[in-house]
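Student: Here you go, input_9.txt (compact mmCIF, C-alpha atoms):
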# COMPACT_ATOMS: atom_id res chain seq x y z
CA MET D 86 48.61 -44.53 11.10
CA ALA D 87 48.33 -45.87 7.57
CA GLN D 88 44.90 -45.17 6.12
CA ALA D 89 44.91 -46.16 2.45
CA VAL D 90 47.11 -47.43 -0.33
CA VAL D 91 47.73 -45.66 -3.63
CA SER D 92 49.18 -47.13 -6.76
CA ALA D 93 50.85 -44.41 -8.76
CA PRO D 94 53.71 -43.50 -11.02
CA GLY D 95 56.85 -43.26 -8.91
CA GLY D 96 58.08 -39.94 -10.32
CA ALA D 97 56.55 -36.59 -11.05
CA VAL D 98 57.28 -36.98 -14.75
CA GLY D 99 55.96 -40.53 -14.78
CA ASP D 100 59.22 -42.15 -15.94
CA ALA D 101 59.79 -44.30 -12.85
CA PRO D 102 58.20 -47.72 -12.31
CA PRO D 103 54.77 -47.73 -10.63
CA ALA D 104 54.89 -47.97 -6.85
CA ALA D 105 52.33 -48.53 -4.09
CA PHE D 106 52.56 -46.45 -0.95
CA THR D 107 50.52 -45.99 2.21
CA LEU D 108 48.89 -42.70 3.08
CA PRO D 109 49.27 -41.06 6.48
CA ASP D 110 46.01 -40.61 8.39
CA PHE D 111 44.66 -37.05 8.42
CA GLN D 112 41.51 -34.99 9.02
CA ILE D 113 40.22 -32.91 6.09
CA VAL D 114 39.26 -30.20 8.60
CA PRO D 115 41.70 -30.37 11.55
CA ARG D 116 39.36 -30.24 14.55
CA ALA D 117 42.17 -29.11 16.85
CA GLY D 118 42.33 -25.85 14.87
CA LEU D 119 38.65 -24.96 15.26
CA PRO D 120 39.02 -23.37 18.74
CA ILE D 121 41.82 -21.16 17.36
CA VAL D 122 39.53 -20.06 14.50
CA ALA D 123 36.78 -19.32 17.05
CA VAL D 124 39.16 -17.18 19.13
CA VAL D 125 40.31 -15.24 16.05
CA LEU D 126 36.71 -14.59 14.96
CA ALA D 127 35.82 -13.52 18.51
CA LEU D 128 38.73 -11.03 18.41
CA LEU D 129 37.43 -9.77 15.07
CA ILE D 130 33.93 -9.22 16.49
CA ALA D 131 35.42 -7.43 19.51
CA GLY D 132 37.62 -5.27 17.26
CA ILE D 133 34.70 -4.19 15.11
CA ALA D 134 32.47 -3.57 18.12
CA ALA D 135 35.18 -1.40 19.74
CA ASP D 136 35.81 0.48 16.45
CA GLU D 137 39.20 1.69 17.74
CA LEU D 138 42.03 2.37 15.30
CA TRP D 139 44.71 0.12 16.79
CA PRO D 140 42.72 -3.17 16.98
CA LEU D 141 41.35 -2.61 13.48
CA GLU D 142 44.82 -1.81 12.08
CA PHE D 143 46.21 -4.84 13.91
CA LEU D 144 43.57 -7.23 12.57
CA HIS D 145 43.70 -5.87 9.02
CA VAL D 146 47.51 -5.70 8.78
CA VAL D 147 48.15 -9.08 10.42
CA GLY D 148 45.40 -10.80 8.42
CA GLY D 149 46.39 -9.09 5.18
CA ALA D 150 50.10 -9.80 5.66
CA ALA D 151 49.38 -13.47 6.35
CA TRP D 152 47.04 -13.71 3.32
CA THR D 153 49.51 -12.02 0.96
CA ILE D 154 52.58 -13.90 2.14
CA ILE D 155 50.86 -17.29 2.14
CA ASP D 156 49.53 -16.72 -1.40
CA LEU D 157 52.90 -15.54 -2.70
CA PHE D 158 54.83 -18.30 -0.93
CA LEU D 159 52.40 -20.99 -2.07
CA GLY D 160 52.16 -19.65 -5.61
CA PHE D 161 55.82 -19.01 -6.32
CA VAL D 162 57.83 -21.13 -3.86
CA LEU D 163 55.89 -24.16 -2.58
CA GLY D 164 53.77 -24.62 -5.74
CA PRO D 165 56.70 -25.16 -8.13
CA ILE D 166 58.44 -27.38 -5.53
CA MET D 167 55.28 -29.50 -5.14
CA GLY D 168 55.03 -29.83 -8.91
CA LYS D 169 58.53 -31.37 -9.05
CA LEU D 170 58.09 -33.80 -6.14
CA SER D 171 57.50 -37.51 -6.70
CA MET D 172 53.85 -38.56 -6.32
CA PRO D 173 54.35 -40.20 -2.87
CA ALA D 174 56.24 -37.17 -1.55
CA ARG D 175 53.66 -34.78 -3.01
CA ILE D 176 50.79 -36.73 -1.47
CA GLU D 177 52.44 -36.88 1.96
CA PHE D 178 53.17 -33.15 1.79
CA THR D 179 49.57 -32.51 0.67
CA THR D 180 48.05 -34.45 3.57
CA ARG D 181 50.06 -32.33 5.99
CA LEU D 182 49.70 -28.90 4.36
CA MET D 183 46.24 -28.76 2.81
CA PRO D 184 44.09 -29.55 5.89
CA LYS D 185 45.74 -26.58 7.61
CA MET D 186 44.99 -24.40 4.59
CA VAL D 187 41.30 -25.37 4.84
CA LEU D 188 41.16 -23.53 8.18
CA ILE D 189 43.83 -20.85 7.75
CA MET D 190 42.84 -19.26 4.44
CA PRO D 191 39.10 -18.62 5.00
CA THR D 192 39.87 -17.28 8.49
CA VAL D 193 42.68 -14.99 7.34
CA VAL D 194 40.63 -13.71 4.38
CA THR D 195 37.54 -13.04 6.54
CA VAL D 196 39.57 -11.18 9.16
CA THR D 197 41.33 -9.07 6.53
CA LEU D 198 38.19 -8.12 4.61
CA VAL D 199 35.90 -7.45 7.56
CA ALA D 200 38.51 -5.54 9.59
CA GLY D 201 39.53 -3.72 6.40
CA TRP D 202 36.00 -2.50 5.74
CA GLN D 203 35.63 -1.29 9.32
CA LEU D 204 39.07 0.39 9.16
CA SER D 205 38.10 2.07 5.90
CA THR D 206 34.89 3.33 7.51
CA HIS D 207 36.83 4.51 10.57
CA LEU D 208 39.37 6.42 8.44
CA GLY D 209 36.81 7.65 5.92
CA THR D 210 38.66 6.19 2.93
CA ASN D 211 35.46 4.49 1.77
CA LEU D 212 33.80 7.89 1.19
CA THR D 213 33.71 8.91 -2.47
CA VAL D 214 35.08 12.37 -1.56
CA ASN D 215 38.23 10.85 -0.05
CA PRO D 216 41.24 11.23 -2.41
CA LEU D 217 42.22 7.62 -1.73
CA HIS D 218 38.75 6.24 -2.52
CA GLY D 219 39.81 5.08 -5.99
CA TRP D 220 42.58 2.98 -4.47
CA VAL D 221 40.12 1.42 -2.01
CA VAL D 222 37.78 0.51 -4.88
CA ALA D 223 40.76 -0.92 -6.79
CA SER D 224 41.47 -3.15 -3.79
CA PHE D 225 37.81 -4.34 -3.85
CA ILE D 226 38.22 -5.27 -7.53
CA VAL D 227 41.49 -7.16 -6.96
CA VAL D 228 39.94 -9.02 -4.01
CA GLY D 229 36.84 -9.77 -6.11
CA VAL D 230 38.90 -11.36 -8.90
CA MET D 231 40.98 -13.32 -6.37
CA ALA D 232 37.78 -14.46 -4.63
CA VAL D 233 36.28 -15.85 -7.84
CA ILE D 234 39.50 -17.78 -8.60
CA ALA D 235 40.05 -18.95 -5.02
CA LEU D 236 36.45 -19.90 -4.24
CA GLY D 237 35.63 -21.32 -7.66
CA LEU D 238 38.79 -23.29 -8.36
CA LEU D 239 41.40 -23.32 -5.61
CA GLU D 240 39.39 -24.17 -2.52
CA PRO D 241 37.18 -26.81 -4.20
CA ALA D 242 40.38 -28.44 -5.56
CA ASN D 243 41.94 -28.33 -2.10
CA ILE D 244 38.93 -30.06 -0.48
CA ALA D 245 38.47 -32.49 -3.38
CA VAL D 246 42.08 -33.69 -3.31
CA LEU D 247 41.81 -34.33 0.43
CA ALA D 248 38.48 -36.13 -0.05
CA GLU D 249 40.07 -38.26 -2.78
CA LEU D 250 42.99 -39.12 -0.49
CA LYS D 251 40.51 -40.21 2.20
CA LYS D 252 39.08 -42.91 -0.06
CA PRO D 253 40.18 -46.55 0.46
CA ARG D 254 41.58 -46.56 -3.10
CA PRO D 255 42.41 -43.00 -4.19
CA ASN D 256 42.70 -42.37 -7.93
CA PRO D 257 46.20 -40.99 -8.73
CA ALA D 258 44.95 -39.39 -11.98
CA VAL D 259 42.30 -37.41 -10.08
CA ILE D 260 44.86 -36.34 -7.46
CA GLU D 261 47.29 -35.26 -10.19
CA ARG D 262 44.61 -33.25 -11.99
CA LEU D 263 43.35 -31.53 -8.83
CA MET D 264 46.88 -30.80 -7.63
CA LYS D 265 47.72 -29.13 -10.96
CA ARG D 266 44.57 -27.01 -10.63
CA PHE D 267 45.55 -26.10 -7.07
CA ILE D 268 49.13 -25.15 -7.99
CA TYR D 269 48.15 -23.06 -11.06
CA THR D 270 45.39 -21.18 -9.25
CA ALA D 271 47.70 -20.58 -6.28
CA GLY D 272 50.14 -19.04 -8.76
CA ALA D 273 47.41 -16.83 -10.25
CA THR D 274 46.26 -15.54 -6.87
CA GLY D 275 49.91 -15.07 -5.88
CA LEU D 276 50.36 -12.86 -8.94
CA MET D 277 47.29 -10.81 -7.98
CA GLN D 278 48.70 -10.30 -4.50
CA ILE D 279 51.42 -8.14 -6.06
CA ALA D 280 48.64 -5.73 -7.07
CA THR D 281 47.33 -5.87 -3.50
CA LEU D 282 50.78 -4.92 -2.18
CA VAL D 283 50.95 -1.95 -4.56
CA ILE D 284 47.49 -0.72 -3.53
CA MET D 285 47.94 -1.25 0.21
CA THR D 286 51.33 0.47 0.37
CA LYS D 287 49.85 3.41 -1.56
CA LEU D 288 46.93 3.58 0.93
CA ALA D 289 49.34 3.44 3.87
CA ALA D 290 51.55 6.14 2.35
CA GLY D 291 48.53 8.39 1.77
CA MET O 37 30.14 -32.22 -21.17
CA SER O 38 31.95 -29.84 -18.91
CA ALA O 39 34.35 -27.77 -21.00
CA SER O 40 37.27 -29.04 -18.96
CA SER O 41 36.29 -32.73 -18.87
CA PRO O 42 38.94 -34.99 -20.37
CA PRO O 43 37.93 -37.67 -22.88
CA GLY O 44 36.41 -40.72 -21.20
CA GLU O 45 35.04 -38.78 -18.23
CA ARG O 46 31.27 -38.77 -17.80
CA ARG O 47 29.27 -35.87 -19.17
CA LEU O 48 28.52 -33.16 -16.63
CA PRO O 49 27.11 -29.66 -16.97
CA PRO O 50 29.65 -26.81 -16.62
CA VAL O 51 28.85 -26.38 -12.92
CA THR O 52 32.21 -24.86 -11.99
CA GLN O 53 32.16 -22.34 -14.85
CA LEU O 54 28.55 -21.28 -14.16
CA GLY O 55 29.21 -21.17 -10.41
CA MET O 56 32.15 -18.85 -10.98
CA LEU O 57 30.03 -16.68 -13.29
CA SER O 58 27.29 -16.45 -10.64
CA LEU O 59 29.89 -15.70 -7.97
CA GLY O 60 31.48 -13.05 -10.17
CA LEU O 61 28.15 -11.32 -10.81
CA VAL O 62 27.24 -11.18 -7.14
CA LEU O 63 30.73 -9.94 -6.21
CA VAL O 64 30.45 -7.14 -8.77
CA ALA O 65 27.11 -6.19 -7.17
CA GLY O 66 28.77 -6.17 -3.76
CA ILE O 67 31.76 -4.13 -5.01
CA TYR O 68 29.42 -1.62 -6.68
CA LEU O 69 27.45 -1.11 -3.45
CA SER O 70 30.54 -1.07 -1.23
CA ALA O 71 32.20 1.51 -3.48
CA HIS O 72 29.31 3.93 -2.84
CA LEU O 73 28.30 3.22 0.77
CA PRO O 74 27.55 4.93 3.10
CA GLU O 75 26.46 7.58 0.59
CA HIS O 76 23.28 7.32 -1.49
CA VAL O 77 23.55 4.72 -4.21
CA SER O 78 21.24 3.70 -7.05
CA LEU O 79 20.23 0.11 -6.40
CA ALA O 80 19.23 -0.74 -9.98
CA PRO O 81 22.67 -2.01 -11.18
CA ALA O 82 23.17 -4.06 -8.00
CA VAL O 83 19.66 -5.55 -8.21
CA ALA O 84 20.19 -6.45 -11.88
CA LEU O 85 23.53 -8.11 -11.11
CA LEU O 86 22.06 -9.94 -8.11
CA ALA O 87 19.10 -11.17 -10.16
CA ALA O 88 21.43 -12.34 -12.95
CA SER O 89 23.63 -14.12 -10.40
CA ALA O 90 20.63 -15.82 -8.75
CA LEU O 91 19.33 -16.86 -12.18
CA VAL O 92 22.68 -18.41 -13.19
CA PHE O 93 22.92 -20.13 -9.81
CA THR O 94 19.38 -21.58 -10.11
CA GLY O 95 20.05 -22.77 -13.66
CA ASN O 96 23.30 -24.32 -12.48
CA VAL O 97 21.61 -26.27 -9.67
CA LEU O 98 18.79 -27.39 -11.98
CA ALA O 99 21.29 -28.58 -14.59
CA LEU O 100 23.18 -30.51 -11.91
CA ALA O 101 19.92 -31.98 -10.54
CA ARG O 102 19.25 -33.54 -13.95
CA VAL O 103 22.52 -35.50 -13.90
CA GLU O 104 21.76 -39.19 -13.49
CA GLY O 105 23.79 -41.15 -10.97
CA PHE O 106 25.44 -38.09 -9.47
CA ALA O 107 26.93 -38.74 -6.01
CA TRP O 108 24.39 -36.64 -4.10
CA ARG O 109 25.16 -38.24 -0.76
CA ARG O 110 28.81 -37.21 -1.14
CA PHE O 111 27.76 -33.80 -2.44
CA PHE O 112 25.57 -33.03 0.57
CA ALA O 113 28.07 -34.50 3.06
CA VAL O 114 30.61 -31.91 1.90
CA ALA O 115 28.30 -29.02 0.96
CA ARG O 116 26.49 -28.88 4.33
CA TRP O 117 29.74 -28.29 6.25
CA ALA O 118 30.96 -25.85 3.64
CA MET O 119 27.62 -24.04 3.95
CA LEU O 120 28.07 -23.78 7.71
CA ALA O 121 31.54 -22.28 7.22
CA TYR O 122 30.38 -19.81 4.57
CA ALA O 123 27.31 -18.88 6.61
CA VAL O 124 29.73 -17.82 9.38
CA ILE O 125 31.83 -15.83 6.88
CA ALA O 126 28.74 -14.18 5.35
CA GLY O 127 27.48 -13.47 8.88
CA MET O 128 30.71 -11.66 9.75
CA ILE O 129 30.43 -9.50 6.62
CA GLU O 130 26.76 -8.79 7.37
CA TYR O 131 27.72 -7.82 10.93
CA VAL O 132 30.22 -5.20 9.78
CA PHE O 133 27.59 -3.60 7.52
CA LEU O 134 25.03 -3.59 10.35
CA ARG O 135 27.66 -2.14 12.70
CA ASN O 136 27.99 0.79 10.29
CA HIS O 137 24.23 1.40 10.18
CA THR O 138 23.63 0.14 6.65
CA SER O 139 19.88 -0.11 6.27
CA GLY O 140 16.96 -0.15 3.83
CA GLY O 141 17.44 -1.15 0.20
CA PRO O 142 21.26 -1.42 0.28
CA LEU O 143 21.08 -3.76 3.30
CA VAL O 144 18.48 -5.97 1.60
CA VAL O 145 20.56 -6.22 -1.60
CA LEU O 146 23.78 -6.86 0.35
CA THR O 147 22.08 -9.52 2.49
CA LEU O 148 20.67 -11.31 -0.56
CA SER O 149 24.08 -11.05 -2.26
CA LEU O 150 25.70 -12.65 0.77
CA LEU O 151 23.03 -15.37 0.68
CA VAL O 152 23.83 -16.17 -2.97
CA PHE O 153 27.55 -16.16 -2.08
CA ALA O 154 27.01 -18.45 0.92
CA VAL O 155 25.11 -21.07 -1.11
CA ASN O 156 27.22 -20.79 -4.26
CA VAL O 157 30.58 -21.72 -2.75
CA PRO O 158 29.31 -24.93 -1.03
CA VAL O 159 27.78 -26.04 -4.35
CA LEU O 160 31.14 -25.50 -6.07
CA ILE O 161 33.01 -27.42 -3.36
CA GLY O 162 30.40 -30.20 -3.11
CA PHE O 163 30.34 -30.62 -6.90
CA THR O 164 34.13 -30.78 -7.23
CA VAL O 165 34.30 -33.49 -4.56
CA ALA O 166 31.25 -35.48 -5.71
CA ARG O 167 32.09 -35.50 -9.43
CA TYR O 168 35.02 -37.85 -8.73
CA ASP O 169 32.99 -40.21 -6.52
Spell out the structure here as structure tokens.

Tutor:
Amino acid sequence: MAQAVVSAPGGAVGDAPPAAFTLPDFQIVPRAGLPIVAVVLALLIAGIAADELWPLEFLHVVGGAAWTIIDLFLGFVLGPIMGKLSMPARIEFTTRLMPKMVLIMPTVVTVTLVAGWQLSTHLGTNLTVNPLHGWVVASFIVVGVMAVIALGLLEPANIAVLAELKKPRPNPAVIERLMKRFIYTAGATGLMQIATLVIMTKLAAG
Amino acid sequence: MSASSPPGERRLPPVTQLGMLSLGLVLVAGIYLSAHLPEHVSLAPAVALLAASALVFTGNVLALARVEGFAWRRFFAVARWAMLAYAVIAGMIEYVFLRNHTSGGPLVVLTLSLLVFAVNVPVLIGFTVARYD
């Protein structure tokens, strides 16, 4: 269902004549995804309560793999593609991708971090006497830097661009600015995920 | 004016920059504590970082509160739901520390750090949305 109309440059580089286009209807937070998030968080609580190796490994590896791959894919594959799309195509893609990211990323990050801490406690790698402790602390630092970038810039830009697109007359300049911020910060966190891969494979190898 | 504000945009305090600084300080406090738990850890560096983070956060909110004509309705409409989401996330992190018998001073500092985290992110999200209203 059409929800709003945007007047914007027709091309990504702004060399095409201005065009008006209708926006598809969307929810900033897709309510249909909330029960799935609740189930995942319930599994996380159960996994931590059980404190068994397999559920903790499962939650940490699945969550971490999803987090890393999504960041890398968004930063280095989808981000550059989005940057080259025409404004209407970029906006349509945004209204379909970004609401899902609003639910997926915080859930995946929470599962990875919480299960990871419990796994580290279970294995003893969070003890200062453990030879791998330095690598665990390095992972905390990488996650900390990524968290500041993601929570301070990326996620607010994600929500703000969706909120702008929900307005009766969205401002193309604001959307362009927020989208640039989103794409650049996605690239930065994608780059940091390479460090995460190095650390995590070292921890797994022992 | 916010350091990143383009010409012609209304003057706003550097809420995003200060929010990220506050978030960074509280995350360093959390990393410092997490790197030492469950062994004994001196709380002084974590308390100093937490206090600095809370101070920056308070200053940030006060600076924003002085902005005339800011879209507060929009800000709160977004920030309240973000706060609910980040309260759940902070609650999960708190749960894993409780599950591992963290107690006393480290638990108090970690809980307060999570509190600062859980209010900081909604302010950042609410501000970014409301500034364009």

Student: Skip region 220-231 of chain D itself and residues of its chain fewer than 2 positions away, then list as number ranges by chain all residues within 7 Å of it, counting all atoms listed in the file.

Tutor: D: 211, 217-218, 233-235, 274, 277, 281, 284, 288; O: 63, 67, 71

Student: Within 9 Å of chain D, which residues belong to chain O? Use all atoms listed in the file and report them as a PyMOL selection string.

Tutor: chain O and resi 52-53+55-57+59-60+63-64+67-68+70-75+114+121-122+125-126+128-129+131-133+135-136+157-158+160-166+168-169

Student: Pick out the residues sitting within 9 Å of Lys251 (chain D), and hand them over as a ChimeraX atom specification; count only C-alpha atoms, and ignore anything fewer than 4 positions along from it in its own chain.

Tutor: /D:88-89,108,110-113,246-247,255

Student: Grab the CA of Leu85 (chain O) to CA of Val97 (chain O) distance for me, in Å with one decimal place.

Tutor: 18.3 Å

Student: Quick one: pull the distance between CA of Trp117 (chain O) and CA of Met190 (chain D), Å, one decimal.

Tutor: 16.0 Å

Student: Could you work out an axis-aligned box for region 70-85 of chain O, taking every atom the file lists and adding 5 Å on each side, and report centre and edge lengths in Å to one decimal, as JSON?

Tutor:
{"center_x": 25.7, "center_y": -0.3, "center_z": -4.4, "size_x": 23.0, "size_y": 25.7, "size_z": 25.0}

Student: In Å, how far is it from CA of Pro257 (chain D) to CA of Glu177 (chain D)?

Tutor: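 A separation of 13.0 Å between them.
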
Student: For Phe143 (chain D), which residue among D:Leu163, D:Ile121, D:Ala174, D:Leu204 is the nearest when counting all atoms listed in the file?

Tutor: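 Looking only at the distances to Phe143 (chain D), the closest residue turns out to be D:Leu204.
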
Student: For Gly272 (chain D), please output as a list in words all residues within 8 Å (counting all atoms listed in the file; exclusion window: fewer than 6 positions along the same chain).

Tutor: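 My reading of the contact set: Asp156, Leu157, Leu159, Gly160, Phe161 and Gly164 of chain D.
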
Student: Excluding Ala101 (chain O) and residues on its chain fewer than 3 positions from it, collect all residues at most 12 Å away from it, counting all atoms listed in the file, and give them as a ChimeraX atom specification.

Tutor: /O:48-49,51,94-98,104-108,111,159,163

Student: List the neighbours of Pro142 (chain O) out to 9 Å using all atoms listed in the file; skip same-chain residues closer than 6 positions along the sequence, and give me the result as number ranges by chain.

Tutor: O: 69, 73, 77-79, 82

Student: Start from the incomplete input, build N, CA and C atoms for region 116-131 of chain O, and deliver everything as an mmCIF file, in the frame of the given file.

Tutor:
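Written file, selection_18.cif:
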data_model
loop_
_atom_site.group_PDB
_atom_site.id
_atom_site.type_symbol
_atom_site.label_atom_id
_atom_site.label_comp_id
_atom_site.auth_asym_id
_atom_site.auth_seq_id
_atom_site.Cartn_x
_atom_site.Cartn_y
_atom_site.Cartn_z
ATOM 1 N N ARG O 116 27.146 -29.377 3.102
ATOM 2 C CA ARG O 116 26.490 -28.880 4.330
ATOM 3 C C ARG O 116 27.515 -28.250 5.281
ATOM 4 N N TRP O 117 28.720 -28.867 5.368
ATOM 5 C CA TRP O 117 29.740 -28.290 6.250
ATOM 6 C C TRP O 117 30.331 -27.030 5.645
ATOM 7 N N ALA O 118 30.473 -27.052 4.325
ATOM 8 C CA ALA O 118 30.960 -25.850 3.640
ATOM 9 C C ALA O 118 29.948 -24.714 3.826
ATOM 10 N N MET O 119 28.658 -25.076 3.781
ATOM 11 C CA MET O 119 27.620 -24.040 3.950
ATOM 12 C C MET O 119 27.667 -23.443 5.358
ATOM 13 N N LEU O 120 27.941 -24.286 6.337
ATOM 14 C CA LEU O 120 28.070 -23.780 7.710
ATOM 15 C C LEU O 120 29.231 -22.783 7.787
ATOM 16 N N ALA O 121 30.361 -23.156 7.193
ATOM 17 C CA ALA O 121 31.540 -22.280 7.220
ATOM 18 C C ALA O 121 31.252 -20.960 6.499
ATOM 19 N N TYR O 122 30.630 -21.042 5.337
ATOM 20 C CA TYR O 122 30.380 -19.810 4.570
ATOM 21 C C TYR O 122 29.229 -19.000 5.137
ATOM 22 N N ALA O 123 28.345 -19.640 5.891
ATOM 23 C CA ALA O 123 27.310 -18.880 6.610
ATOM 24 C C ALA O 123 27.976 -18.016 7.693
ATOM 25 N N VAL O 124 28.989 -18.585 8.353
ATOM 26 C CA VAL O 124 29.730 -17.820 9.380
ATOM 27 C C VAL O 124 30.449 -16.634 8.717
ATOM 28 N N ILE O 125 31.103 -16.898 7.582
ATOM 29 C CA ILE O 125 31.830 -15.830 6.880
ATOM 30 C C ILE O 125 30.860 -14.744 6.420
ATOM 31 N N ALA O 126 29.747 -15.154 5.809
ATOM 32 C CA ALA O 126 28.740 -14.180 5.350
ATOM 33 C C ALA O 126 28.179 -13.415 6.544
ATOM 34 N N GLY O 127 27.991 -14.112 7.661
ATOM 35 C CA GLY O 127 27.480 -13.470 8.880
ATOM 36 C C GLY O 127 28.419 -12.390 9.394
ATOM 37 N N MET O 128 29.718 -12.661 9.311
ATOM 38 C CA MET O 128 30.710 -11.660 9.750
ATOM 39 C C MET O 128 30.645 -10.419 8.863
ATOM 40 N N ILE O 129 30.498 -10.645 7.554
ATOM 41 C CA ILE O 129 30.430 -9.500 6.620
ATOM 42 C C ILE O 129 29.137 -8.711 6.866
ATOM 43 N N GLU O 130 28.040 -9.452 7.088
ATOM 44 C CA GLU O 130 26.760 -8.790 7.370
ATOM 45 C C GLU O 130 26.877 -7.951 8.652
ATOM 46 N N TYR O 131 27.558 -8.517 9.645
ATOM 47 C CA TYR O 131 27.720 -7.820 10.930
ATOM 48 C C TYR O 131 28.415 -6.473 10.758
#
